[in-house]
$ cat structure.cif   # mmCIF, C-alpha atoms and all ligand atoms
data_structure
#
loop_
_atom_site.group_PDB
_atom_site.id
_atom_site.type_symbol
_atom_site.label_atom_id
_atom_site.label_comp_id
_atom_site.auth_asym_id
_atom_site.auth_seq_id
_atom_site.Cartn_x
_atom_site.Cartn_y
_atom_site.Cartn_z
ATOM 1 C CA MET A 1 0.000 0.000 0.000
ATOM 2 C CA ILE A 2 1.425 3.391 -0.966
ATOM 3 C CA LYS A 3 1.172 5.967 1.809
ATOM 4 C CA GLN A 4 -0.936 8.970 1.041
ATOM 5 C CA ASP A 5 -0.507 12.407 2.476
ATOM 6 C CA THR A 6 -3.917 13.967 2.671
ATOM 7 C CA ASP A 7 -3.582 17.109 0.531
ATOM 8 C CA SER A 8 -1.703 15.607 -2.360
ATOM 9 C CA PRO A 9 -3.624 14.355 -5.377
ATOM 10 C CA ILE A 10 -4.553 10.709 -5.649
ATOM 11 C CA LEU A 11 -4.172 10.904 -9.417
ATOM 12 C CA GLU A 12 -2.192 13.442 -11.380
ATOM 13 C CA ILE A 13 -2.016 13.190 -15.136
ATOM 14 C CA LYS A 14 0.234 15.662 -16.940
ATOM 15 C CA GLN A 15 0.307 16.232 -20.684
ATOM 16 C CA LEU A 16 -0.496 12.615 -21.397
ATOM 17 C CA SER A 17 -0.287 11.390 -24.981
ATOM 18 C CA ILE A 18 -1.064 7.812 -25.940
ATOM 19 C CA SER A 19 -0.780 6.259 -29.387
ATOM 20 C CA PHE A 20 -1.716 2.931 -30.879
ATOM 21 C CA PHE A 21 0.688 1.610 -33.455
ATOM 22 C CA THR A 22 -0.399 -0.370 -36.473
ATOM 23 C CA ARG A 23 1.898 -1.878 -39.064
ATOM 24 C CA LEU A 24 1.741 1.257 -41.154
ATOM 25 C CA ASN A 25 0.991 4.131 -38.886
ATOM 26 C CA GLU A 26 0.616 5.691 -35.483
ATOM 27 C CA ILE A 27 -2.901 6.464 -34.265
ATOM 28 C CA PRO A 28 -2.760 9.273 -31.719
ATOM 29 C CA ALA A 29 -5.612 8.303 -29.354
ATOM 30 C CA VAL A 30 -4.943 10.798 -26.545
ATOM 31 C CA MET A 31 -3.104 14.071 -27.006
ATOM 32 C CA ASP A 32 -1.848 16.334 -24.255
ATOM 33 C CA PHE A 33 -4.393 15.382 -21.585
ATOM 34 C CA SER A 34 -3.978 16.623 -18.024
ATOM 35 C CA CYS A 35 -6.096 16.276 -14.884
ATOM 36 C CA THR A 36 -5.783 16.117 -11.128
ATOM 37 C CA VAL A 37 -8.025 14.124 -8.816
ATOM 38 C CA GLN A 38 -7.906 14.761 -5.067
ATOM 39 C CA PRO A 39 -8.729 12.050 -2.509
ATOM 40 C CA GLY A 40 -12.484 11.638 -2.178
ATOM 41 C CA GLU A 41 -13.122 13.419 -5.461
ATOM 42 C CA ALA A 42 -14.844 11.833 -8.443
ATOM 43 C CA MET A 43 -14.116 12.910 -11.985
ATOM 44 C CA GLY A 44 -16.038 12.195 -15.135
ATOM 45 C CA LEU A 45 -14.649 12.371 -18.645
ATOM 46 C CA VAL A 46 -17.177 13.368 -21.233
ATOM 47 C CA GLY A 47 -16.669 13.356 -24.978
ATOM 48 C CA GLU A 48 -17.739 11.903 -28.263
ATOM 49 C CA SER A 49 -17.170 8.276 -29.064
ATOM 50 C CA GLY A 50 -13.545 7.633 -30.012
ATOM 51 C CA CYS A 51 -12.159 10.770 -28.369
ATOM 52 C CA GLY A 52 -9.938 8.737 -26.039
ATOM 53 C CA LYS A 53 -11.832 8.342 -22.711
ATOM 54 C CA SER A 54 -11.275 4.597 -22.421
ATOM 55 C CA THR A 55 -7.684 4.969 -23.542
ATOM 56 C CA VAL A 56 -6.998 7.370 -20.650
ATOM 57 C CA ALA A 57 -8.495 4.815 -18.224
ATOM 58 C CA LEU A 58 -6.434 2.001 -19.763
ATOM 59 C CA GLY A 59 -3.369 4.249 -19.507
ATOM 60 C CA VAL A 60 -4.031 4.663 -15.781
ATOM 61 C CA MET A 61 -4.264 0.874 -15.532
ATOM 62 C CA GLN A 62 -1.019 0.658 -17.583
ATOM 63 C CA ASP A 63 -2.865 -1.845 -19.706
ATOM 64 C CA LEU A 64 -2.658 -0.560 -23.272
ATOM 65 C CA GLY A 65 -2.187 -3.908 -24.943
ATOM 66 C CA VAL A 66 0.537 -4.864 -27.365
ATOM 67 C CA ASN A 67 0.151 -1.895 -29.709
ATOM 68 C CA GLY A 68 -0.624 0.949 -27.302
ATOM 69 C CA ARG A 69 2.031 3.119 -25.691
ATOM 70 C CA VAL A 70 2.290 6.270 -23.610
ATOM 71 C CA VAL A 71 4.260 8.538 -25.937
ATOM 72 C CA GLY A 72 4.329 11.628 -23.740
ATOM 73 C CA GLY A 73 3.565 12.928 -20.270
ATOM 74 C CA THR A 74 3.177 11.218 -16.912
ATOM 75 C CA ILE A 75 0.524 9.487 -14.832
ATOM 76 C CA LYS A 76 1.152 9.691 -11.114
ATOM 77 C CA PHE A 77 -0.810 7.688 -8.560
ATOM 78 C CA LYS A 78 -0.291 8.909 -4.983
ATOM 79 C CA GLY A 79 2.788 10.753 -6.210
ATOM 80 C CA GLN A 80 4.383 7.739 -7.889
ATOM 81 C CA ASP A 81 4.934 7.640 -11.622
ATOM 82 C CA LEU A 82 3.033 4.558 -12.837
ATOM 83 C CA GLY A 83 5.160 4.505 -15.985
ATOM 84 C CA LEU A 84 8.266 3.819 -13.900
ATOM 85 C CA MET A 85 6.839 1.048 -11.731
ATOM 86 C CA SER A 86 7.864 -2.572 -12.016
ATOM 87 C CA PRO A 87 5.315 -5.063 -13.378
ATOM 88 C CA GLU A 88 5.098 -6.615 -9.879
ATOM 89 C CA ASP A 89 4.313 -3.274 -8.206
ATOM 90 C CA LEU A 90 1.747 -2.504 -10.888
ATOM 91 C CA ARG A 91 0.072 -5.863 -10.401
ATOM 92 C CA GLU A 92 -0.102 -5.237 -6.664
ATOM 93 C CA ILE A 93 -1.601 -1.773 -7.126
ATOM 94 C CA ARG A 94 -4.077 -2.931 -9.758
ATOM 95 C CA GLY A 95 -5.388 -5.618 -7.490
ATOM 96 C CA SER A 96 -5.777 -3.534 -4.401
ATOM 97 C CA GLU A 97 -5.919 0.186 -5.203
ATOM 98 C CA ILE A 98 -6.853 0.871 -8.810
ATOM 99 C CA ALA A 99 -9.759 -0.881 -10.465
ATOM 100 C CA MET A 100 -11.448 -0.627 -13.810
ATOM 101 C CA ILE A 101 -15.046 -1.678 -14.268
ATOM 102 C CA TYR A 102 -15.435 -2.372 -17.946
ATOM 103 C CA GLN A 103 -18.374 -1.295 -20.028
ATOM 104 C CA GLU A 104 -18.438 -4.657 -21.823
ATOM 105 C CA PRO A 105 -18.828 -7.472 -19.309
ATOM 106 C CA MET A 106 -17.288 -10.057 -21.615
ATOM 107 C CA ALA A 107 -14.179 -7.899 -21.939
ATOM 108 C CA SER A 108 -13.327 -8.368 -18.280
ATOM 109 C CA LEU A 109 -14.366 -11.993 -17.905
ATOM 110 C CA ASN A 110 -12.068 -14.692 -19.179
ATOM 111 C CA PRO A 111 -14.253 -16.825 -21.495
ATOM 112 C CA ALA A 112 -12.176 -19.944 -20.814
ATOM 113 C CA MET A 113 -12.373 -19.834 -17.038
ATOM 114 C CA ARG A 114 -15.253 -20.700 -14.721
ATOM 115 C CA ILE A 115 -16.785 -17.692 -12.924
ATOM 116 C CA GLY A 116 -15.853 -19.128 -9.512
ATOM 117 C CA GLN A 117 -12.212 -19.556 -10.465
ATOM 118 C CA GLN A 118 -12.058 -15.961 -11.752
ATOM 119 C CA LEU A 119 -13.580 -14.544 -8.595
ATOM 120 C CA MET A 120 -11.382 -16.692 -6.365
ATOM 121 C CA GLU A 121 -8.022 -15.982 -7.945
ATOM 122 C CA VAL A 122 -7.936 -12.281 -7.116
ATOM 123 C CA PRO A 123 -8.045 -12.503 -3.292
ATOM 124 C CA MET A 124 -5.893 -15.644 -3.483
ATOM 125 C CA ILE A 125 -3.192 -13.719 -5.326
ATOM 126 C CA HIS A 126 -3.578 -10.396 -3.576
ATOM 127 C CA GLU A 127 -4.401 -11.381 -0.048
ATOM 128 C CA GLY A 128 -2.894 -14.834 -0.006
ATOM 129 C CA ILE A 129 -6.122 -16.382 1.298
ATOM 130 C CA ASN A 130 -6.637 -20.119 0.791
ATOM 131 C CA LYS A 131 -8.921 -21.818 -1.712
ATOM 132 C CA GLU A 132 -11.713 -22.583 0.773
ATOM 133 C CA ASP A 133 -11.894 -19.003 2.043
ATOM 134 C CA ALA A 134 -11.739 -17.678 -1.506
ATOM 135 C CA TYR A 135 -14.636 -19.965 -2.472
ATOM 136 C CA ALA A 136 -16.667 -18.800 0.519
ATOM 137 C CA ARG A 137 -15.978 -15.186 -0.418
ATOM 138 C CA ALA A 138 -16.910 -15.750 -4.075
ATOM 139 C CA LEU A 139 -20.151 -17.399 -2.988
ATOM 140 C CA GLU A 140 -20.904 -14.464 -0.721
ATOM 141 C CA VAL A 141 -20.400 -11.772 -3.378
ATOM 142 C CA VAL A 142 -22.415 -13.683 -5.971
ATOM 143 C CA THR A 143 -25.213 -14.048 -3.416
ATOM 144 C CA ASP A 144 -24.932 -10.333 -2.561
ATOM 145 C CA VAL A 145 -25.589 -9.241 -6.134
ATOM 146 C CA LYS A 146 -28.635 -11.526 -6.138
ATOM 147 C CA LEU A 147 -27.560 -13.936 -8.815
ATOM 148 C CA PRO A 148 -29.777 -17.018 -8.674
ATOM 149 C CA ASP A 149 -28.335 -20.369 -7.585
ATOM 150 C CA PRO A 150 -24.883 -19.033 -6.588
ATOM 151 C CA GLU A 151 -23.185 -22.471 -6.524
ATOM 152 C CA ARG A 152 -24.234 -23.122 -10.096
ATOM 153 C CA ILE A 153 -23.095 -19.643 -11.187
ATOM 154 C CA LEU A 154 -19.635 -20.259 -9.753
ATOM 155 C CA LYS A 155 -19.366 -23.460 -11.774
ATOM 156 C CA SER A 156 -20.517 -21.758 -14.981
ATOM 157 C CA PHE A 157 -18.436 -20.370 -17.780
ATOM 158 C CA PRO A 158 -19.240 -16.762 -18.764
ATOM 159 C CA HIS A 159 -21.104 -17.798 -21.916
ATOM 160 C CA HIS A 160 -23.556 -19.796 -19.791
ATOM 161 C CA LEU A 161 -24.815 -16.575 -18.222
ATOM 162 C CA SER A 162 -27.110 -13.934 -19.644
ATOM 163 C CA GLY A 163 -25.688 -10.473 -20.388
ATOM 164 C CA GLY A 164 -27.130 -9.055 -17.180
ATOM 165 C CA GLN A 165 -25.763 -11.948 -15.139
ATOM 166 C CA GLN A 166 -22.332 -11.437 -16.723
ATOM 167 C CA GLN A 167 -22.504 -7.770 -15.821
ATOM 168 C CA ARG A 168 -23.276 -8.616 -12.205
ATOM 169 C CA ALA A 169 -20.538 -11.234 -12.108
ATOM 170 C CA CYS A 170 -18.208 -8.473 -13.303
ATOM 171 C CA ASP A 171 -19.382 -6.186 -10.560
ATOM 172 C CA CYS A 172 -18.345 -8.910 -8.112
ATOM 173 C CA HIS A 173 -15.031 -9.075 -9.881
ATOM 174 C CA GLY A 174 -14.877 -5.278 -9.802
ATOM 175 C CA THR A 175 -15.126 -5.243 -6.023
ATOM 176 C CA TYR A 176 -11.813 -7.060 -5.982
ATOM 177 C CA VAL A 177 -9.882 -6.091 -9.094
HETATM 178 N N1 LIG B 1 -6.217 -1.207 -29.611
HETATM 179 C C1 LIG B 1 -6.353 -0.169 -30.444
HETATM 180 N N2 LIG B 1 -5.704 -0.134 -31.621
HETATM 181 C C2 LIG B 1 -5.811 0.918 -32.462
HETATM 182 N N3 LIG B 1 -6.563 2.000 -32.210
HETATM 183 C C3 LIG B 1 -7.249 2.024 -31.048
HETATM 184 C C4 LIG B 1 -7.200 0.948 -30.104
HETATM 185 N N4 LIG B 1 -7.988 1.255 -29.048
HETATM 186 C C5 LIG B 1 -8.502 2.469 -29.309
HETATM 187 N N5 LIG B 1 -8.067 2.936 -30.505
HETATM 188 C C6 LIG B 1 -8.401 4.233 -31.122
HETATM 189 O O1 LIG B 1 -8.117 5.236 -30.187
HETATM 190 C C7 LIG B 1 -9.088 6.275 -30.225
HETATM 191 C C8 LIG B 1 -9.704 6.486 -28.852
HETATM 192 O O2 LIG B 1 -10.515 5.373 -28.515
HETATM 193 P P1 LIG B 1 -11.239 5.200 -27.121
HETATM 194 O O3 LIG B 1 -10.293 5.556 -26.032
HETATM 195 O O4 LIG B 1 -11.812 3.832 -27.109
HETATM 196 O O5 LIG B 1 -12.396 6.302 -27.187
HETATM 197 P P2 LIG B 1 -13.666 6.518 -26.228
HETATM 198 O O6 LIG B 1 -13.522 5.619 -25.039
HETATM 199 O O7 LIG B 1 -13.623 7.972 -25.877
HETATM 200 O O8 LIG B 1 -14.856 6.181 -27.071
HETATM 201 C C9 LIG B 1 -10.095 5.861 -31.304
HETATM 202 O O9 LIG B 1 -9.697 6.490 -32.492
HETATM 203 C C10 LIG B 1 -9.894 4.368 -31.379
HETATM 204 O O10 LIG B 1 -10.223 3.885 -32.665
HETATM 205 MG MG MG B 2 -14.849 4.158 -24.319
#
$ encode --input "structure.cif" --output "structure tokens"
Amino acid sequence: MIKQDTDSPILEIKQLSISFFTRLNEIPAVMDFSCTVQPGEAMGLVGESGCGKSTVALGVMQDLGVNGRVVGGTIKFKGQDLGLMSPEDLREIRGSEIAMIYQEPMASLNPAMRIGQQLMEVPMIHEGINKEDAYARALEVVTDVKLPDPERILKSFPHHLSGGQQQRACDCHGTYV
């Protein structure tokens, strides 16, 4: 856990530029974007489709895929430059302090993994809890979001669930990730 002094921003983005690279060209997805978010503050990004909102969020997650790259500026989380962090530190922070709840439920669920396994692995990795406790926790969150027959849901693969059920399973995932 990174220590936080109370008046410094939780998130500080300065002159951020992000591009996606294709075989032939560079697609500038975000250009010169800056913002500051203080602890307890919420910020919304508004703009037309394709203007780069999701790319900013993915940049904060440091999860731009194989062809995306921060080409300018910095993203600081609690004063630390995310671009300079090791993959291990990033993984730690992503699991416990920064989360992204995706618009498309299928984009955050692994289609090849049972729902239960996906919900269990996060606290197992991040909190080191054992399989039994992780199962109990997964059952609890699935019950909390009022999915029917929680045991069956945990055994299901994402494609067995309806869109709304997938979305709720993601919300469970979102409480951890
Ligand atoms: N993986 C990618 N490869 C190439 N271009 C991408 C990729 N992801 C997003 N883009 C492009 O980056 C721009 C910003 O997209 P996005 O951040 O998804 O916009 P928004 O979330 O505001 O609708 C768009 O032009 C989009 O086509
Ligand atoms: Mg978007």
$ residues_near_ligand --input "structure.cif" --ligand "ligand LIG 1 (chain B)" --cutoff "9 Å" --atoms "only C-alpha atoms and all ligand atoms" --output "MDAnalysis selection string"
chainID A and resid 18:22 26:30 45:58 64:68
$ resolve_selection --input "structure.cif" --expression "the PyMOL selection byres (((chain A and resi 61) around 10) and not hetatm)" --output "PyMOL selection string"
chain A and resi 55-60+62-64+75+82+90-91+93-94+98-100
$ closest_residue --input "structure.cif" --among "A:Ile10, A:Ala112, A:Leu119, A:Met31" --to "Asp133 in chain A" --atoms "all atoms listed in the file"
A:Leu119
$ resolve_selection --input "structure.cif" --expression "the PyMOL selection byres (((chain A and resi 166) around 12) and not hetatm)" --output "count of residues only"
35
$ axis_aligned_box --input "structure.cif" --around "range 97-110 of chain A" --padding-each-side "5 Å" --output "lines of an AutoDock Vina configuration file"
center_x = -12.4
center_y = -6.9
center_z = -13.6
size_x = 22.9
size_y = 25.6
size_z = 26.7
$ resolve_selection --input "structure.cif" --expression "the PyMOL selection byres (((chain A and resi 122) around 12) and not hetatm)" --output "tab-separated table (two decimals) with C-alpha atoms, in the frame of the given file"
chain	number	residue	atom	x	y	z
A	91	ARG	CA	0.07	-5.86	-10.40
A	92	GLU	CA	-0.10	-5.24	-6.66
A	94	ARG	CA	-4.08	-2.93	-9.76
A	95	GLY	CA	-5.39	-5.62	-7.49
A	96	SER	CA	-5.78	-3.53	-4.40
A	115	ILE	CA	-16.78	-17.69	-12.92
A	116	GLY	CA	-15.85	-19.13	-9.51
A	117	GLN	CA	-12.21	-19.56	-10.46
A	118	GLN	CA	-12.06	-15.96	-11.75
A	119	LEU	CA	-13.58	-14.54	-8.60
A	120	MET	CA	-11.38	-16.69	-6.36
A	121	GLU	CA	-8.02	-15.98	-7.94
A	123	PRO	CA	-8.04	-12.50	-3.29
A	124	MET	CA	-5.89	-15.64	-3.48
A	125	ILE	CA	-3.19	-13.72	-5.33
A	126	HIS	CA	-3.58	-10.40	-3.58
A	127	GLU	CA	-4.40	-11.38	-0.05
A	128	GLY	CA	-2.89	-14.83	-0.01
A	129	ILE	CA	-6.12	-16.38	1.30
A	130	ASN	CA	-6.64	-20.12	0.79
A	131	LYS	CA	-8.92	-21.82	-1.71
A	134	ALA	CA	-11.74	-17.68	-1.51
A	135	TYR	CA	-14.64	-19.96	-2.47
A	137	ARG	CA	-15.98	-15.19	-0.42
A	138	ALA	CA	-16.91	-15.75	-4.08
A	172	CYS	CA	-18.34	-8.91	-8.11
A	173	HIS	CA	-15.03	-9.07	-9.88
A	174	GLY	CA	-14.88	-5.28	-9.80
A	175	THR	CA	-15.13	-5.24	-6.02
A	176	TYR	CA	-11.81	-7.06	-5.98
A	177	VAL	CA	-9.88	-6.09	-9.09
$ residues_near_point --input "structure.cif" --point "(-1.1, 17.1, -24.9)" --cutoff "12 Å" --atoms "all atoms listed in the file" --output "list in words"
Ile13, Lys14, Gln15, Leu16, Ser17, Ile18, Ser19, Pro28, Ala29, Val30, Met31, Asp32, Phe33, Ser34, Cys35, Val70, Val71, Gly72, Gly73 and Thr74 of chain A
$ closest_residue --input "structure.cif" --among "A:Pro39, A:Ile101, A:Val141, A:Ala136" --to "ligand MG 2 (chain B)" --atoms "only C-alpha atoms and all ligand atoms"
A:Ile101
$ atom_distance --input "structure.cif" --atom1 "CA of Gly40 in chain A" --atom2 "CA of Leu11 in chain A"
11.0 Å
